[in-house]
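Peer 1: The file below is upload_10.cif, mmCIF, C-alpha atoms and all ligand atoms:
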data_protein
loop_
_atom_site.label_atom_id
_atom_site.label_comp_id
_atom_site.auth_asym_id
_atom_site.auth_seq_id
_atom_site.Cartn_x
_atom_site.Cartn_y
_atom_site.Cartn_z
CA MET A 279 21.80 14.09 2.91
CA SER A 280 21.03 11.53 0.20
CA SER A 281 17.39 11.17 -0.85
CA PRO A 282 15.44 8.09 0.26
CA LEU A 283 14.54 5.35 -2.19
CA LEU A 284 10.89 6.47 -2.23
CA ARG A 285 9.60 9.84 -1.07
CA VAL A 286 5.88 10.59 -1.04
CA ARG A 287 5.05 14.23 -0.33
CA GLY A 288 1.70 15.96 0.09
CA LEU A 289 -0.01 13.45 -2.16
CA VAL A 290 -3.58 14.42 -3.05
CA LYS A 291 -5.84 12.65 -5.54
CA HIS A 292 -9.37 13.83 -6.22
CA PHE A 293 -11.66 12.26 -8.82
CA SER A 294 -14.55 14.05 -10.51
CA VAL A 295 -17.62 11.83 -10.73
CA LYS A 296 -21.16 12.39 -11.97
CA GLY A 297 -23.56 13.59 -9.29
CA ASP A 298 -27.14 12.45 -8.83
CA LEU A 299 -28.48 15.32 -10.96
CA PRO A 300 -27.52 15.91 -14.61
CA LEU A 301 -24.59 18.30 -15.18
CA VAL A 302 -23.64 18.12 -11.50
CA THR A 303 -20.23 16.68 -10.67
CA LYS A 304 -18.95 15.59 -7.30
CA THR A 305 -15.40 15.39 -6.08
CA VAL A 306 -14.15 12.15 -4.55
CA HIS A 307 -11.45 12.97 -2.00
CA ALA A 308 -9.60 9.68 -2.40
CA LEU A 309 -6.25 10.92 -1.05
CA ASP A 310 -5.70 14.13 0.90
CA GLY A 311 -2.13 14.65 1.99
CA ILE A 312 -0.01 11.52 2.34
CA ASP A 313 3.69 11.79 3.24
CA PHE A 314 6.22 9.07 3.90
CA ASP A 315 9.76 8.01 3.07
CA LEU A 316 10.97 4.50 2.37
CA ASN A 317 14.63 3.51 2.47
CA PRO A 318 16.21 0.72 0.43
CA HIS A 319 15.42 -2.80 1.71
CA GLU A 320 12.73 -1.44 4.04
CA SER A 321 9.01 -2.13 3.91
CA ILE A 322 5.97 -0.07 4.78
CA GLY A 323 2.54 -1.51 5.47
CA VAL A 324 -0.57 0.48 4.54
CA VAL A 325 -3.80 -0.38 6.35
CA GLY A 326 -7.25 1.18 6.62
CA GLU A 327 -10.86 0.27 5.97
CA SER A 328 -12.18 -0.25 2.47
CA GLY A 329 -12.34 3.08 0.63
CA SER A 330 -9.56 4.73 2.64
CA GLY A 331 -7.47 5.33 -0.51
CA LYS A 332 -4.87 2.55 -0.34
CA THR A 333 -5.14 1.44 -3.97
CA THR A 334 -5.27 5.06 -5.14
CA LEU A 335 -2.00 5.63 -3.26
CA ALA A 336 -0.44 2.57 -4.95
CA ARG A 337 -1.59 3.72 -8.39
CA CYS A 338 -0.21 7.22 -7.82
CA ILE A 339 3.18 5.79 -6.79
CA MET A 340 3.15 3.66 -9.95
CA SER A 341 2.28 6.85 -11.90
CA LEU A 342 -0.84 5.10 -13.20
CA TYR A 343 -2.68 8.13 -11.80
CA ARG A 344 -1.38 11.67 -11.91
CA PRO A 345 -2.04 13.24 -8.51
CA THR A 346 -4.11 16.38 -8.02
CA ALA A 347 -1.26 17.74 -5.88
CA GLY A 348 1.97 16.54 -4.33
CA ASP A 349 4.75 14.42 -5.74
CA VAL A 350 6.41 11.02 -5.57
CA HIS A 351 10.17 10.72 -5.95
CA VAL A 352 12.22 7.59 -6.51
CA HIS A 353 15.91 8.25 -5.84
CA GLY A 354 15.10 11.96 -5.90
CA ARG A 355 13.41 11.95 -9.35
CA SER A 356 9.71 12.61 -9.77
CA VAL A 357 7.85 9.58 -11.12
CA TYR A 358 5.62 11.94 -13.14
CA ARG A 359 8.43 13.18 -15.39
CA ARG A 360 8.14 11.88 -18.90
CA ARG A 361 11.86 11.31 -19.29
CA GLY A 362 13.24 8.17 -17.71
CA LYS A 363 9.86 6.41 -17.61
CA ARG A 364 11.26 3.00 -18.55
CA ALA A 365 13.87 3.17 -15.80
CA LEU A 366 11.11 4.02 -13.34
CA LEU A 367 8.87 1.16 -14.47
CA LYS A 368 11.80 -1.20 -14.22
CA ASN A 369 12.51 -0.03 -10.69
CA VAL A 370 8.96 0.10 -9.26
CA GLN A 371 6.72 -2.88 -9.94
CA MET A 372 3.31 -3.84 -8.63
CA VAL A 373 1.54 -7.07 -7.70
CA PHE A 374 -2.24 -6.87 -7.75
CA GLN A 375 -4.88 -8.48 -5.57
CA ASP A 376 -6.32 -10.73 -8.25
CA PRO A 377 -3.54 -12.70 -9.96
CA GLY A 378 -5.93 -14.21 -12.52
CA GLY A 379 -7.03 -10.79 -13.69
CA SER A 380 -3.54 -9.30 -13.73
CA LEU A 381 -1.98 -11.97 -15.97
CA ASN A 382 -2.69 -11.89 -19.70
CA PRO A 383 -4.93 -14.97 -20.26
CA ARG A 384 -3.35 -15.62 -23.69
CA PHE A 385 0.25 -15.50 -22.49
CA SER A 386 1.97 -18.64 -21.21
CA ALA A 387 3.72 -18.28 -17.87
CA GLU A 388 7.01 -18.14 -19.77
CA ARG A 389 5.83 -15.34 -22.04
CA SER A 390 4.55 -13.33 -19.06
CA LEU A 391 8.13 -13.26 -17.82
CA LEU A 392 9.84 -12.77 -21.18
CA GLU A 393 7.93 -9.52 -21.80
CA PRO A 394 9.40 -7.52 -18.88
CA LEU A 395 12.85 -9.07 -19.45
CA LEU A 396 12.71 -7.78 -23.04
CA HIS A 397 10.94 -4.44 -22.67
CA LEU A 398 11.98 -3.26 -19.22
CA ALA A 399 15.25 -5.03 -18.44
CA ARG A 400 16.40 -5.00 -22.13
CA MET A 401 18.06 -8.34 -21.49
CA PRO A 402 19.88 -9.87 -24.49
CA ARG A 403 17.87 -12.69 -26.14
CA ARG A 404 20.36 -15.46 -25.32
CA GLU A 405 20.24 -14.66 -21.60
CA ARG A 406 16.45 -14.65 -21.30
CA PRO A 407 15.65 -18.42 -21.16
CA ALA A 408 18.05 -18.95 -18.25
CA ALA A 409 16.65 -15.87 -16.48
CA VAL A 410 13.09 -17.20 -16.87
CA ARG A 411 14.12 -20.59 -15.43
CA ALA A 412 15.88 -18.92 -12.50
CA LEU A 413 12.85 -16.74 -11.75
CA PHE A 414 10.45 -19.70 -11.81
CA GLU A 415 12.79 -21.66 -9.57
CA LEU A 416 12.95 -18.71 -7.17
CA VAL A 417 9.17 -18.48 -6.83
CA GLY A 418 8.57 -22.24 -6.82
CA ILE A 419 7.01 -22.96 -10.24
CA ARG A 420 8.08 -26.24 -11.90
CA PRO A 421 10.06 -25.79 -15.16
CA SER A 422 7.75 -28.33 -16.84
CA ASP A 423 4.80 -25.95 -16.24
CA ILE A 424 6.14 -22.81 -17.87
CA ARG A 425 4.29 -23.28 -21.19
CA LYS A 426 0.90 -23.41 -19.43
CA LEU A 427 -1.65 -20.61 -19.63
CA PRO A 428 -2.78 -18.75 -16.48
CA HIS A 429 -6.10 -20.64 -16.14
CA GLN A 430 -4.18 -23.92 -15.90
CA PHE A 431 -2.59 -22.80 -12.61
CA SER A 432 -4.11 -22.53 -9.13
CA GLY A 433 -4.65 -19.07 -7.60
CA GLY A 434 -1.53 -19.44 -5.46
CA GLN A 435 0.58 -20.46 -8.46
CA GLN A 436 -0.85 -17.57 -10.50
CA GLN A 437 0.22 -15.17 -7.75
CA ARG A 438 3.72 -16.73 -7.81
CA ILE A 439 3.88 -16.07 -11.56
CA ALA A 440 2.64 -12.48 -11.03
CA ILE A 441 5.37 -12.00 -8.40
CA ALA A 442 8.00 -13.53 -10.73
CA ARG A 443 6.88 -11.15 -13.49
CA ALA A 444 7.12 -8.18 -11.12
CA ILE A 445 10.65 -9.04 -9.95
CA ALA A 446 11.87 -9.98 -13.46
CA PRO A 447 13.19 -6.48 -14.29
CA GLN A 448 15.01 -6.43 -10.91
CA PRO A 449 13.06 -3.60 -9.28
CA GLU A 450 14.05 -2.05 -5.97
CA ILE A 451 10.44 -1.41 -4.94
CA LEU A 452 7.53 -3.83 -5.07
CA ILE A 453 4.05 -2.48 -4.41
CA LEU A 454 1.79 -5.26 -3.21
CA ASP A 455 -1.93 -4.46 -3.19
CA GLU A 456 -3.57 -7.10 -1.01
CA PRO A 457 -1.44 -9.83 -2.60
CA THR A 458 -2.98 -12.65 -0.57
CA SER A 459 -6.58 -11.63 -0.06
CA ALA A 460 -7.87 -13.59 -3.09
CA LEU A 461 -6.18 -16.79 -1.86
CA ASP A 462 -7.30 -19.38 0.67
CA LEU A 463 -5.50 -19.58 4.01
CA SER A 464 -2.82 -22.21 3.25
CA LEU A 465 -1.90 -20.46 -0.02
CA GLN A 466 -1.77 -17.10 1.79
CA ALA A 467 0.87 -18.48 4.16
CA GLN A 468 2.92 -19.80 1.24
CA VAL A 469 2.85 -16.50 -0.64
CA ILE A 470 3.81 -14.59 2.53
CA ALA A 471 6.73 -16.98 3.09
CA LEU A 472 7.78 -16.35 -0.53
CA LEU A 473 7.61 -12.57 -0.03
CA MET A 474 9.77 -12.87 3.10
CA GLN A 475 12.28 -15.01 1.23
CA LEU A 476 12.44 -12.60 -1.72
CA ARG A 477 12.93 -9.62 0.56
CA GLU A 478 15.93 -11.35 2.16
CA GLU A 479 17.43 -12.70 -1.06
CA LEU A 480 16.84 -9.71 -3.34
CA GLY A 481 16.85 -6.85 -0.81
CA LEU A 482 13.51 -5.55 -2.09
CA ALA A 483 11.58 -2.69 -0.49
CA TYR A 484 7.83 -3.32 -0.19
CA VAL A 485 4.83 -1.06 -0.03
CA LEU A 486 2.38 -3.64 1.30
CA ILE A 487 -1.33 -2.89 1.30
CA THR A 488 -3.26 -5.39 3.35
CA HIS A 489 -6.10 -5.98 5.76
CA ASP A 490 -4.06 -8.65 7.52
CA LEU A 491 -2.22 -7.11 10.46
CA SER A 492 -0.23 -10.27 11.22
CA VAL A 493 1.29 -10.03 7.73
CA VAL A 494 2.21 -6.42 8.43
CA ARG A 495 3.98 -7.49 11.61
CA GLN A 496 5.92 -10.18 9.75
CA LEU A 497 6.93 -8.09 6.75
CA CYS A 498 6.94 -4.36 7.49
CA ASP A 499 9.32 -1.99 9.29
CA GLN A 500 6.87 0.93 9.21
CA LEU A 501 3.11 1.07 9.29
CA LEU A 502 0.83 3.77 7.85
CA VAL A 503 -2.76 3.75 9.05
CA MET A 504 -5.10 5.64 6.70
CA TYR A 505 -8.64 6.86 7.17
CA LEU A 506 -10.72 8.37 4.37
CA GLY A 507 -7.72 9.51 2.34
CA ARG A 508 -5.73 10.93 5.24
CA PRO A 509 -2.96 9.52 7.41
CA VAL A 510 -3.89 8.96 11.05
CA GLU A 511 -0.77 7.22 12.33
CA LEU A 512 2.70 6.43 10.94
CA GLY A 513 5.60 4.81 12.74
CA PRO A 514 7.60 1.67 13.45
CA THR A 515 5.30 -1.32 12.96
CA ALA A 516 5.73 -2.83 16.42
CA ASP A 517 5.10 0.53 18.12
CA VAL A 518 1.88 1.15 16.19
CA LEU A 519 0.58 -2.42 16.52
CA ASP A 520 1.44 -2.83 20.20
CA GLY A 521 0.30 0.60 21.37
CA PRO A 522 -1.75 2.48 18.78
CA ASN A 523 -2.28 6.15 19.68
CA HIS A 524 -5.09 7.26 17.40
CA PRO A 525 -8.61 6.20 18.40
CA TYR A 526 -9.11 4.89 14.85
CA SER A 527 -5.94 2.76 14.94
CA GLN A 528 -6.91 1.58 18.41
CA ALA A 529 -10.28 0.41 17.13
CA LEU A 530 -8.85 -1.12 13.94
CA ILE A 531 -5.89 -2.82 15.56
CA GLY A 532 -7.01 -3.31 19.13
CA SER A 533 -9.90 -5.62 18.51
CA VAL A 534 -7.71 -7.98 16.47
CA LEU A 535 -4.29 -7.91 18.00
CA ILE A 536 -4.30 -7.08 21.70
CA PRO A 537 -3.62 -10.52 23.18
CA ASP A 538 -5.13 -9.81 26.61
CA PRO A 539 -8.95 -10.02 26.23
CA THR A 540 -9.56 -7.83 29.30
CA LYS A 541 -7.50 -5.02 27.72
CA ARG A 542 -9.01 -5.71 24.30
CA ASP A 543 -12.43 -5.03 25.77
CA LEU A 544 -11.27 -1.56 26.86
CA VAL A 545 -10.90 -0.51 23.23
CA PRO A 546 -14.20 0.86 21.93
CA PRO A 547 -15.25 -0.97 18.77
CA LEU A 548 -15.40 0.77 15.42
CA VAL A 549 -19.00 1.88 15.04
CA GLY A 550 -20.84 3.11 11.95
CA GLU A 551 -19.83 3.19 8.32
CA ILE A 552 -16.92 5.05 6.75
CA PRO A 553 -18.47 8.32 5.41
CA SER A 554 -18.61 9.09 1.69
CA PRO A 555 -15.36 10.51 0.30
CA THR A 556 -17.50 12.88 -1.79
CA ALA A 557 -18.50 14.69 1.41
CA PRO A 558 -15.75 13.97 3.95
CA PRO A 559 -16.40 15.25 7.48
CA SER A 560 -14.83 18.59 8.45
CA GLY A 561 -11.81 18.76 10.74
CA CYS A 562 -10.58 15.31 11.67
CA ARG A 563 -12.36 12.99 9.26
CA PHE A 564 -12.77 10.36 11.97
CA HIS A 565 -14.54 12.67 14.44
CA PRO A 566 -18.16 11.53 13.76
CA ARG A 567 -17.16 7.97 14.74
CA CYS A 568 -14.70 8.86 17.49
CA GLN A 569 -15.59 8.21 21.12
CA HIS A 570 -13.10 10.90 22.24
CA ALA A 571 -14.23 13.65 19.85
CA MET A 572 -13.86 17.21 21.16
CA THR A 573 -15.20 20.48 19.73
CA ILE A 574 -11.94 21.19 17.92
CA CYS A 575 -12.07 17.85 16.12
CA ALA A 576 -14.96 19.00 13.91
CA GLN A 577 -13.30 22.37 13.27
CA GLU A 578 -9.64 21.75 12.46
CA ALA A 579 -7.78 18.99 10.73
CA PRO A 580 -5.11 17.82 13.21
CA GLU A 581 -1.44 18.40 12.41
CA ALA A 582 1.01 15.53 12.79
CA ARG A 583 2.29 15.17 16.35
CA ARG A 584 5.20 12.96 17.27
CA VAL A 585 4.39 10.63 20.15
CA GLU A 586 7.75 8.93 20.81
CA GLN A 587 8.65 7.31 17.48
CA VAL A 588 5.16 7.54 16.03
CA GLN A 589 3.49 10.38 14.14
CA THR A 590 -0.15 10.76 15.10
CA TRP A 591 -2.75 13.01 13.49
CA CYS A 592 -5.09 13.49 16.46
CA HIS A 593 -6.13 16.48 18.58
CA LEU A 594 -5.85 14.37 21.73
CA TYR A 595 -2.09 14.78 21.31
CA SER A 596 -1.98 18.42 20.20
CA ARG A 597 -0.82 20.97 22.72
CA SER A 598 -3.42 23.59 21.82
CA ALA A 599 -6.25 21.14 22.49
CA GLN A 600 -4.69 19.99 25.73
CA GLU A 601 -4.09 23.56 26.92
CA SER A 602 -7.59 24.78 26.06
CA ARG A 603 -10.24 23.39 28.34
CA ASP A 604 -11.69 21.40 25.50
CA VAL A 605 -13.56 18.44 26.86
CA PRO A 606 -14.74 15.24 25.26
CA LYS A 607 -18.34 15.46 24.00
N1 LIG B 1 -11.02 5.92 -10.80
C1 LIG B 1 -11.82 6.34 -9.82
N2 LIG B 1 -12.82 7.21 -10.06
C2 LIG B 1 -13.62 7.66 -9.07
N3 LIG B 1 -13.50 7.29 -7.78
C3 LIG B 1 -12.53 6.43 -7.47
C4 LIG B 1 -11.63 5.91 -8.47
N4 LIG B 1 -10.76 5.06 -7.86
C5 LIG B 1 -11.09 5.06 -6.56
N5 LIG B 1 -12.15 5.87 -6.33
C6 LIG B 1 -12.78 6.13 -5.02
O1 LIG B 1 -11.76 6.60 -4.15
C7 LIG B 1 -11.94 6.06 -2.84
C8 LIG B 1 -10.70 5.30 -2.43
O2 LIG B 1 -10.65 4.13 -3.23
P1 LIG B 1 -9.47 3.06 -3.12
O3 LIG B 1 -9.77 2.00 -4.12
O4 LIG B 1 -8.17 3.75 -3.22
O5 LIG B 1 -9.68 2.50 -1.63
P2 LIG B 1 -9.00 1.24 -0.93
O6 LIG B 1 -8.49 1.72 0.39
O7 LIG B 1 -8.04 0.62 -1.86
O8 LIG B 1 -10.26 0.28 -0.68
P3 LIG B 1 -10.32 -1.34 -0.65
O9 LIG B 1 -9.80 -1.77 0.71
O10 LIG B 1 -11.78 -1.63 -0.82
O11 LIG B 1 -9.50 -1.85 -1.80
C9 LIG B 1 -13.19 5.19 -2.90
O12 LIG B 1 -14.29 5.95 -2.45
C10 LIG B 1 -13.33 4.88 -4.37
O13 LIG B 1 -14.68 4.69 -4.71
MG MG B 2 -7.89 -1.27 -2.72
#
The structure given in the file should be rewritten as structure tokens.
Peer 2:
Amino acid sequence: MSSPLLRVRGLVKHFSVKGDLPLVTKTVHALDGIDFDLNPHESIGVVGESGSGKTTLARCIMSLYRPTAGDVHVHGRSVYRRRGKRALLKNVQMVFQDPGGSLNPRFSAERSLLEPLLHLARMPRRERPAAVRALFELVGIRPSDIRKLPHQFSGGQQQRIAIARAIAPQPEILILDEPTSALDLSLQAQVIALLMQLREELGLAYVLITHDLSVVRQLCDQLLVMYLGRPVELGPTADVLDGPNHPYSQALIGSVLIPDPTKRDLVPPLVGEIPSPTAPPSGCRFHPRCQHAMTICAQEAPEARRVEQVQTWCHLYSRSAQESRDVPK
């Protein structure tokens, strides 16, 4: 069987940080075992509360971080190999949350695009001006504006330039880390429409990190719900959004998306704060906040269980927990 476009396996990323006392270090468990595959032209959404490890996942895929364990393959080749780095960077590009911060303030819009065309795509000089014009046209920036510096554009236009720069080397995968959260509502809608258009026209695959579940529904085939560095649910977007299995996904998704308010009220709200990733809870990391927690939940990390098309990491769905007379607390 041919390998998928992107394969993430057993990805773990721990950071060592200074503790409260001198000479004491703590370990931040930012990612602890993420697996998924992404096929060409498909998109996966990644959601979870702040601090759940979404950006760390994106940076590991981009090989900006080397993981503590696990691997990421693009077309079957590890992204952490030194050889073939340029080809990887050309093929996997990222758009950041803050377009102003991600564009070089001293580079004109045109120069921001010429750089990847030169260094990553190795495009001959005579072809570059036409390529820049075509890219700006594609993302909706006027040709008369291409000599301007980033601060002379609005936030929405800056994000269009950042997207144009990311697609300039013709990548197959675009990682989008909250690409619209720094923009106001009308600009968000425009950037989402642009992302939909680019996916159709260029056949891109997206890894889309967002807090906006309606964007996930519009753009993503699969959805990964993360909690404190671990996966809790992974499956087809509509299945997860319309009938989340995991109590965490139910709380995260249910309160926003279940159209019927009487059913929405049945979903217990998310209570309490996300615990510190330097001391993650034992067993299922969600158990201290879970209304259905059983004894086993504090003792063992749940294995993935398939519930129809959806993988769910929850003891409520594991046979051993159902067979034992384990009862909710
Ligand atoms: N370079 C780093 N050094 C130490 N800790 C880090 C580093 N990067 C991230 N972390 C920690 O790892 C955890 C996960 O962070 P991450 O930024 O991946 O979360 P996130 O899901 O992207 O959150 P948000 O929704 O706020 O962007 C957090 O507790 C964060 O403080
Ligand atoms: Mg983040």
Peer 1: Which one is closest to A:Arg355: A:Leu452, A:Leu465, A:Leu284, A:Ala579? Count all atoms listed in the file.
Peer 2: A:Leu284
Peer 1: From the options A:Glu511, A:Asp310, A:Glu450, A:Glu456, which residue's atoms come nearest to ligand MG 2 (chain B), counting all atoms listed in the file?
Peer 2: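 Of all the options, A:Glu456 lies closest to ligand MG 2 (chain B).
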Peer 1: Using all atoms listed in the file, which residue out of A:Leu416, A:Leu502, A:Ala387, A:Ile574 lies closest to A:Ala440?
Peer 2: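 Going through A:Leu416, A:Leu502, A:Ala387, A:Ile574 one by one, the smallest distance to A:Ala440 is for A:Ala387.
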Peer 1: Please identify all protein, DNA and RNA residues within 9 Å of ligand LIG 1 (chain B), counting all atoms listed in the file, and report them as a PyMOL selection string.
Peer 2: chain A and resi 291-295+305-309+325-337+343+375+455-456+487-489+504-507+554-556
Peer 1: Find the residues near A:Lys426: any atom within 9 Å, counting only C-alpha atoms, skip ones fewer than 3 places away on the same chain, and give them as a list in words.
Peer 2: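 What passes the distance filter is Phe385, Ser386, Ala387, Glu388, Ser422, Asp423, His429, Gln430 and Phe431 of chain A.
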Peer 1: Considering only C-alpha atoms and all ligand atoms, can you say which of A:Met572, A:Ile424, A:Leu454, A:Val352 comes closest to ligand MG 2 (chain B)?
Peer 2: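 Checking each of A:Met572, A:Ile424, A:Leu454, A:Val352 against ligand MG 2 (chain B), counting only C-alpha atoms and all ligand atoms, the winner is A:Leu454.
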Peer 1: Figure out the distance between atom CA of A:Thr515 and atom CA of A:Pro559, please, to one decimal in Å.
Peer 2: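 If I compute the distance from atom CA of A:Pro559 to atom CA of A:Thr515, I get 27.8 Å.
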Peer 1: What's the separation between atom CA of A:Pro377 and atom CA of A:Gln475, in Å to one decimal place?
Peer 2: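 These two atoms are separated by 19.5 Å.
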Peer 1: Do you have the atom CA of A:Arg344-atom MG of ligand MG 2 (chain B) distance handy?
Peer 2: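 Separation between atom CA of A:Arg344 and atom MG of ligand MG 2 (chain B): 17.2 Å.
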Peer 1: With distances taken over only C-alpha atoms, which residue among A:Thr346, A:Thr590, A:Gln468, A:Ser527 lies nearest A:Gly288?
Peer 2: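 Going through A:Thr346, A:Thr590, A:Gln468, A:Ser527 one by one, the smallest distance to A:Gly288 is for A:Thr346.
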Peer 1: Pick out the closest residue to ligand MG 2 (chain B) from this set: A:Ser492, A:Gln577, A:Ser459, A:Gln528. Count all atoms listed in the file.
Peer 2: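 The shortest atom-to-atom distance to ligand MG 2 (chain B) comes from A:Ser459.
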Peer 1: May I have the protein, DNA and RNA residues with an atom at most 12 Å from (4.4, -11.6, 10.9), counting all atoms listed in the file in the file's coordinates, returned as a PyMOL selection string?
Peer 2: chain A and resi 323+467+470-471+473-474+490-499+515-516+519+535
Peer 1: Give me the residues within 10 Å of A:Lys368 as a ChimeraX atom specification, counting all atoms listed in the file and dropping any in the same chain fewer than 5 places off.
Peer 2: /A:363,394-395,397-400,444-451
